[in-house]
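Undergrad: Here it is, the structure, as structure tokens.
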Amino acid sequence: MKIIPIQVLEDNYSYILIDDTTKEAAVIDCVDPIKILNVVSQTGAKLTSVFVTHHHWDHCGGNIELVAKKPGLAVSGADARIPDINFVCKDNEEFKLGTLVVTPLHTPCHTKGHVCYFVTDHSTNEKAVFTGDTLFVAGIGKFFEGDARDMYRNLFHVLGKLPDDTWVYCGHEYTKTNLKFALSLEPHNEALMAKWAWCQDKQITVPSTIAQEKAYNPFLRVNEQTIQLITGKSDPVEALATLRELKNAFRC
Ligand code: GBP
Ligand code: ZN
């Protein structure tokens, strides 16, 4: 599979996902259809689908214009607030993009209808997950329509169960500010220091991997003693709630 990150708006990511075998393509989160169609046309692939992570306009505000330009697109998601949605995907119910296998993972919390898309290429054994505003590099999304218990499930029972070598493609470029917050909590975490040094001259910091996120993302480390001590919470769900509040208040 081929994945092309496209920077849109101030700090959003859209992605083009291409099945090398059939040249079928999907766009993950479309807010700037002109930009998307330009990139797709340069690849020679055929755009057949839109995978929407959640209903916020910066992730699907381009749907209507895109579908008007390319009638017949399959628009997948799990929230009736998504413009032009025509395929409501069920949790864990696989579908295909060409030869790629796509597993929608329901991850309610940032919004009630949030979906992450786990994609497997069985011809190369590559795996990728598009995490929208649920999991960022070194951070997570705000809890607009859920609570810490919901996010704990998303992080530890859903995304954290994916293979360690799954590539993580998130919905915003927030890496540097997320790492600053993480370093304020765990200044001696080696994986964190290494990621901080690595990202300094990078404009695009995706993808990471599930293994990397487990090593430096504080929200995935609420079962570690360091994070429990700093939050003063030995219950990981409570620690997660406290971390979210600390991040909301954090100014770098
Ligand atoms: C900052 O503090 O650096 N740029 C700001 C944060 C995702 S976008 C902006 C912010 O709040 N971003 C959201 C988030 O989850 N951030 C994680 C974090 O700060 O740790 N959005 O555009 C946001 O989801 C939106 C759109 C929100 C429509 C509500 C509606 Br309704
Ligand atoms: Zn959002």
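Chain identifiers are assigned as A, B, and so on, following the order in which chains appear in the structure tokens; residues are numbered from 1 within each chain, and ligands are numbered from 1 in order of appearance.
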Please identify the residues whose atoms come within 9 Å of ligand 2, using only C-alpha atoms and all ligand atoms, and report them as a ChimeraX atom specification.
TA: /A:53-59,110-111,114,132-134,141-142,144,171
Undergrad: Could the residues in this selection be saved with C-alpha atoms as a PDB file, in the first residue's frame?
TA:
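As a result, again-v9.pdb now contains:
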```
ATOM      1  CA  THR A  53     -12.848   9.626  10.991  1.00  0.00           C
ATOM      2  CA  HIS A  54     -15.383  12.033  12.544  1.00  0.00           C
ATOM      3  CA  HIS A  55     -17.916  14.743  11.813  1.00  0.00           C
ATOM      4  CA  HIS A  56     -15.840  17.852  12.671  1.00  0.00           C
ATOM      5  CA  TRP A  57     -15.775  20.145   9.636  1.00  0.00           C
ATOM      6  CA  ASP A  58     -11.976  20.124   9.425  1.00  0.00           C
ATOM      7  CA  HIS A  59     -12.226  16.376   8.699  1.00  0.00           C
ATOM      8  CA  HIS A 110     -13.460  12.920  20.968  1.00  0.00           C
ATOM      9  CA  THR A 111     -16.844  12.569  19.244  1.00  0.00           C
ATOM     10  CA  HIS A 114     -15.349   8.619  15.852  1.00  0.00           C
ATOM     11  CA  GLY A 132      -8.145  10.996  13.294  1.00  0.00           C
ATOM     12  CA  ASP A 133      -8.465  13.009  16.508  1.00  0.00           C
ATOM     13  CA  THR A 134      -8.314  10.011  18.850  1.00  0.00           C
ATOM     14  CA  GLY A 141      -7.766  14.322  21.196  1.00  0.00           C
ATOM     15  CA  LYS A 142      -9.944  16.316  23.531  1.00  0.00           C
ATOM     16  CA  PHE A 144     -15.723  16.534  23.510  1.00  0.00           C
ATOM     17  CA  GLY A 171      -5.428  13.863  12.037  1.00  0.00           C
TER      18      GLY A 171
END
```
Undergrad: Listing only residues of stretch 98-148 of chain A within 8 Å of stretch 3-20 of chain A, what is the closest atom pair and its distance in Å (to one decimal) for each, using only C-alpha atoms, sorted by chain and residue number ascending, as JSON lines?
TA:
```
{"residue": "A:Gly98", "atom": "CA", "partner": "A:Asp19", "partner_atom": "CA", "distance": 6.1}
{"residue": "A:Thr99", "atom": "CA", "partner": "A:Asp19", "partner_atom": "CA", "distance": 6.7}
{"residue": "A:Leu100", "atom": "CA", "partner": "A:Asp19", "partner_atom": "CA", "distance": 6.3}
```
Undergrad: What does the file look like for those residues with N, CA and C atoms, as a tab-separated table (two decimals), in the first residue's frame?
TA:
```tsv
chain	number	residue	atom	x	y	z
A	98	GLY	N	-9.89	-2.32	-2.94
A	98	GLY	CA	-9.09	-3.18	-3.82
A	98	GLY	C	-8.75	-4.45	-3.07
A	99	THR	N	-7.44	-4.72	-2.91
A	99	THR	CA	-7.03	-5.92	-2.17
A	99	THR	C	-6.72	-5.62	-0.70
A	100	LEU	N	-6.78	-4.35	-0.33
A	100	LEU	CA	-6.49	-3.98	1.06
A	100	LEU	C	-7.69	-4.30	1.95
```
Undergrad: Considering only C-alpha atoms, return as a ChimeraX atom specification whatever protein or nucleic-acid residues lie within 7 Å of A:Thr103, sequence-local ones (same chain, fewer than 6 positions apart) excluded.
TA: /A:92-95,117-119
Undergrad: Using the selection just defined, write its residues with N, CA, C and O atoms as a compact mmCIF listing (two decimals), in the first residue's frame.
TA:
```
# COMPACT_ATOMS: atom_id res chain seq x y z
N ASN A 92 -15.49 -3.14 13.71
CA ASN A 92 -14.81 -4.40 13.40
C ASN A 92 -15.35 -5.15 12.19
O ASN A 92 -14.95 -6.30 11.97
N GLU A 93 -16.25 -4.54 11.42
CA GLU A 93 -16.79 -5.23 10.24
C GLU A 93 -15.96 -4.83 9.03
O GLU A 93 -16.09 -3.73 8.50
N GLU A 94 -15.09 -5.77 8.61
CA GLU A 94 -14.12 -5.49 7.55
C GLU A 94 -14.77 -5.18 6.21
O GLU A 94 -15.82 -5.70 5.89
N PHE A 95 -14.11 -4.32 5.45
CA PHE A 95 -14.46 -4.14 4.04
C PHE A 95 -13.17 -3.97 3.26
O PHE A 95 -12.09 -3.95 3.84
N TYR A 117 -9.41 3.78 11.25
CA TYR A 117 -9.40 2.77 10.18
C TYR A 117 -8.07 2.03 10.19
O TYR A 117 -7.02 2.63 9.97
N PHE A 118 -8.16 0.72 10.46
CA PHE A 118 -6.97 -0.15 10.47
C PHE A 118 -6.90 -0.85 9.11
O PHE A 118 -7.87 -1.48 8.68
N VAL A 119 -5.77 -0.71 8.43
CA VAL A 119 -5.66 -1.22 7.06
C VAL A 119 -4.51 -2.22 6.98
O VAL A 119 -3.40 -1.95 7.47
```
Undergrad: To test your reading of the structure, identify every residue in stretch 43-159 of chain A that backbone DSSP assigns to helix (DSSP H, G or I), and report it as a VMD selection string.
TA: chain A and resid 43 57 to 60 63 to 69 148 to 159
Undergrad: I'd like the interatomic distance between atom CA of A:Ser76 and atom 22 (O, counted along the ligand's line) of ligand 1, to a tenth of an Å.
TA: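 We find that atom CA of A:Ser76 and atom 22 (O, counted along the ligand's line) of ligand 1 lie 19.7 Å from each other.
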Undergrad: Go through A:Leu105, A:Glu126, A:Cys252, A:Val237 one by one, measure the shortest atom-to-atom distance of each to A:Lys176 using only C-alpha atoms, and give the residue with the smallest value.
TA: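 Nearest candidate to A:Lys176 out of A:Leu105, A:Glu126, A:Cys252, A:Val237: A:Cys252.
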